[in-house]
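Here's the structure we're looking at; comments come further down.
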Amino acid sequence: MAKSRLSRGNIIAIIISTILILDQVFKIWIKTHFTLHQSVPVLGRWFQLFFVENEGMAFGMVFGGEAGKLILSFFRIALSIFIMWYIVRLLKKPETPIGVLVGLSLVFVGAVGNIIDCAFYGLIFNESGVTQVAQMFPPEGGYGTFLHGKVVDMLYFPLIDTVLPENFPIWGGRRFVFFQFIFNIADSAITCGALYLLIFKYKFFSKK
């Protein structure tokens, strides 16, 4: 008897479920075991777990205060609904390349992962501090309201961390860090999915 093969829909469901679970488990572990701004080296100084929280966009960027946060949250939700609808639509077409479906799924699950932080983390965690580890489901309640939670970031790759020579133009004598963004698994999924689609699958969308 021939072995049964996973359908494209099952493959996409496995990818989305796996990344979402890994993203949330890792974030919850960091949130409940690290104090704010605590850093633990993983591969020397080139890869660290560095716990920060951001109230804005991916990679710690900020967007317009509380009003901007709500706008960003609603935009993420709307974008996620649209991408999910588009994935389901493309799944019904046998000619759709699996790479397109995988790329869109990565963007989708990354957006959903950060939406969960914004929507629920303020309700289920108390505030993280530089001397205090957060507690999940604290008796006194969470630190925020629905859609006002903070996104947990922890992946830090300062590949170059040095002080520029004094005679270096403009920035001489200043500290220089590359790559100084701190991000999470959801951010990575969005970035990898978007870059893959732009670089390798742009012809599919240009035909559309």
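Quick note on naming: the chains in the structure tokens go A, B, ... in the order shown, residues restart at 1 in each chain, and ligands are numbered from 1 in order of appearance.
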
- Message: Using only C-alpha atoms, which protein or nucleic acid residues come within 12 Å of A:Tyr156? Drop anything in the same chain fewer than 3 positions from it, and give the result as number ranges by chain.
- Response: A: 37-52, 59-60, 153, 159-161, 177-185, 188

- Query: Using only C-alpha atoms, which residues sit within 9 Å of stretch 171-175 of chain A once same-chain residues fewer than 5 positions away are excluded, as an NGL selection string?
  - Reply: :A and (161-166)

Quick one: which stretch 90-167 of chain A residues come within 8 Å of stretch 22-30 of chain A, and what is the nearest atom pair for each with the distance in Å to one decimal, counting only C-alpha atoms, rows ordered by chain and ascending number, as a tab-separated table?
```
residue	atom	partner	partner_atom	distance
A:Gly113	CA	A:Asp23	CA	6.7
A:Val152	CA	A:Lys27	CA	6.0
A:Asp153	CA	A:Lys27	CA	7.5
A:Met154	CA	A:Ile30	CA	7.6
```

For the selection just defined, write its residues with C-alpha atoms to a file, as a short mmCIF file (atom, residue, chain, number, x, y, z; two decimals), in the first residue's frame.
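As a result, again_19.cif now contains:
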```cif
data_model
loop_
_atom_site.label_atom_id
_atom_site.label_comp_id
_atom_site.auth_asym_id
_atom_site.auth_seq_id
_atom_site.Cartn_x
_atom_site.Cartn_y
_atom_site.Cartn_z
CA GLY A 113 2.36 35.60 17.52
CA VAL A 152 8.37 40.10 24.47
CA ASP A 153 11.71 40.18 22.63
CA MET A 154 14.84 38.22 23.51
#
```

- Task: Tell me, in Å to one decimal, how far atom CA of A:Ile12 is from atom CA of A:Leu101.
- Result: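 Value for the atom CA of A:Ile12-atom CA of A:Leu101 distance: 7.2 Å.
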
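Atom CA of A:Ala189 sits 8.6 Å away from atom CA of A:Ala111.
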
- Note on the structure: Counting only C-alpha atoms, the residue among A:Gly68, A:Gly149, A:Gly9, A:Gly99 that lies closest to A:Lys201 is A:Gly99

- Message: I need the residues of chain A that end up classed as alpha helix (DSSP H) by DSSP on the backbone, written out as a ChimeraX atom specification.
- Response: /A:8-33,65-91,98-116,122-124,185-200,202-207

Can I get the selected residues back with C-alpha atoms, as a compact mmCIF listing (two decimals), in the first residue's frame?
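Saved file selection_8.txt follows:
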```txt
# COMPACT_ATOMS: atom_id res chain seq x y z
CA ARG A 8 -0.62 21.05 1.35
CA GLY A 9 -3.20 22.23 3.85
CA ASN A 10 -1.81 19.89 6.50
CA ILE A 11 1.75 21.05 5.80
CA ILE A 12 0.73 24.69 6.23
CA ALA A 13 -1.22 23.89 9.40
CA ILE A 14 1.83 22.09 10.87
CA ILE A 15 4.14 25.01 10.04
CA ILE A 16 1.78 27.57 11.57
CA SER A 17 1.08 25.50 14.70
CA THR A 18 4.73 24.64 15.32
CA ILE A 19 6.06 28.18 14.99
CA LEU A 20 3.21 29.65 17.05
CA ILE A 21 3.74 27.17 19.88
CA LEU A 22 7.53 27.69 19.89
CA ASP A 23 7.09 31.47 19.84
CA GLN A 24 4.64 31.54 22.75
CA VAL A 25 6.40 28.92 24.88
CA PHE A 26 9.72 30.74 24.50
CA LYS A 27 8.16 34.14 25.28
CA ILE A 28 6.36 32.83 28.37
CA TRP A 29 9.55 31.15 29.60
CA ILE A 30 11.55 34.35 29.15
CA LYS A 31 8.84 36.47 30.77
CA THR A 32 8.63 34.21 33.85
CA HIS A 33 12.37 33.54 34.28
CA GLY A 65 2.22 55.97 21.78
CA GLU A 66 -1.01 54.37 23.06
CA ALA A 67 -3.10 55.49 20.07
CA GLY A 68 -0.44 54.20 17.71
CA LYS A 69 -0.35 50.90 19.58
CA LEU A 70 -4.10 50.39 19.11
CA ILE A 71 -3.85 51.32 15.44
CA LEU A 72 -0.95 48.89 15.01
CA SER A 73 -2.85 46.12 16.81
CA PHE A 74 -5.94 46.55 14.64
CA PHE A 75 -3.74 46.68 11.54
CA ARG A 76 -2.04 43.42 12.55
CA ILE A 77 -5.42 41.76 13.14
CA ALA A 78 -6.80 42.96 9.80
CA LEU A 79 -3.62 41.91 7.99
CA SER A 80 -3.69 38.47 9.61
CA ILE A 81 -7.33 37.92 8.61
CA PHE A 82 -6.54 38.96 5.03
CA ILE A 83 -3.47 36.70 4.79
CA MET A 84 -5.39 33.74 6.23
CA TRP A 85 -8.18 34.32 3.68
CA TYR A 86 -5.60 34.57 0.89
CA ILE A 87 -3.85 31.36 1.98
CA VAL A 88 -7.15 29.46 2.02
CA ARG A 89 -7.98 30.87 -1.42
CA LEU A 90 -4.60 29.82 -2.85
CA LEU A 91 -4.88 26.36 -1.29
CA ILE A 98 4.03 25.41 -2.10
CA GLY A 99 6.77 28.01 -1.53
CA VAL A 100 4.22 30.81 -1.86
CA LEU A 101 1.99 29.14 0.72
CA VAL A 102 4.91 28.61 3.12
CA GLY A 103 6.10 32.22 2.77
CA LEU A 104 2.63 33.61 3.42
CA SER A 105 2.20 31.24 6.36
CA LEU A 106 5.41 32.52 7.96
CA VAL A 107 4.20 36.12 7.68
CA PHE A 108 0.80 35.12 9.03
CA VAL A 109 2.03 33.17 12.06
CA GLY A 110 4.54 35.91 12.91
CA ALA A 111 1.81 38.53 12.94
CA VAL A 112 -0.45 36.31 15.06
CA GLY A 113 2.36 35.60 17.52
CA ASN A 114 2.85 39.30 18.24
CA ILE A 115 -0.90 39.94 18.28
CA ILE A 116 -1.22 37.44 21.14
CA GLY A 122 -1.21 42.65 29.81
CA LEU A 123 -4.07 40.59 31.19
CA ILE A 124 -2.18 37.47 32.31
CA ILE A 185 10.64 34.12 16.82
CA ALA A 186 7.51 35.81 15.44
CA ASP A 187 9.59 38.70 14.06
CA SER A 188 11.96 36.18 12.48
CA ALA A 189 9.07 34.36 10.81
CA ILE A 190 7.69 37.60 9.34
CA THR A 191 11.11 38.69 8.06
CA CYS A 192 12.05 35.29 6.59
CA GLY A 193 8.65 34.83 4.97
CA ALA A 194 8.56 38.32 3.47
CA LEU A 195 12.15 38.16 2.16
CA TYR A 196 11.58 34.72 0.65
CA LEU A 197 8.47 35.90 -1.18
CA LEU A 198 10.16 39.09 -2.40
CA ILE A 199 13.34 37.37 -3.60
CA PHE A 200 12.14 34.01 -4.89
CA TYR A 202 7.94 37.83 -6.84
CA LYS A 203 7.06 36.48 -10.30
CA PHE A 204 4.02 34.71 -8.86
CA PHE A 205 2.63 37.99 -7.47
CA SER A 206 3.63 40.02 -10.53
CA LYS A 207 1.47 37.70 -12.63
```

- Assign secondary structure with DSSP using the backbone only, and return the residues of chain A in strand (DSSP E) as a PyMOL selection string. chain A and resi 39-41+48-54+151-156+160-163+175-178+182-183

- State, in Å with one decimal place, the distance from atom CA of A:Asn126 to atom CA of A:Phe157.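 Between atom CA of A:Asn126 and atom CA of A:Phe157 the gap is 27.8 Å.
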
- Query: Closest to A:Pro158 among A:Glu127, A:Phe176, A:Gly142, A:Pro94, using only C-alpha atoms?
  - Reply: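 Of all the options, A:Phe176 lies closest to A:Pro158.
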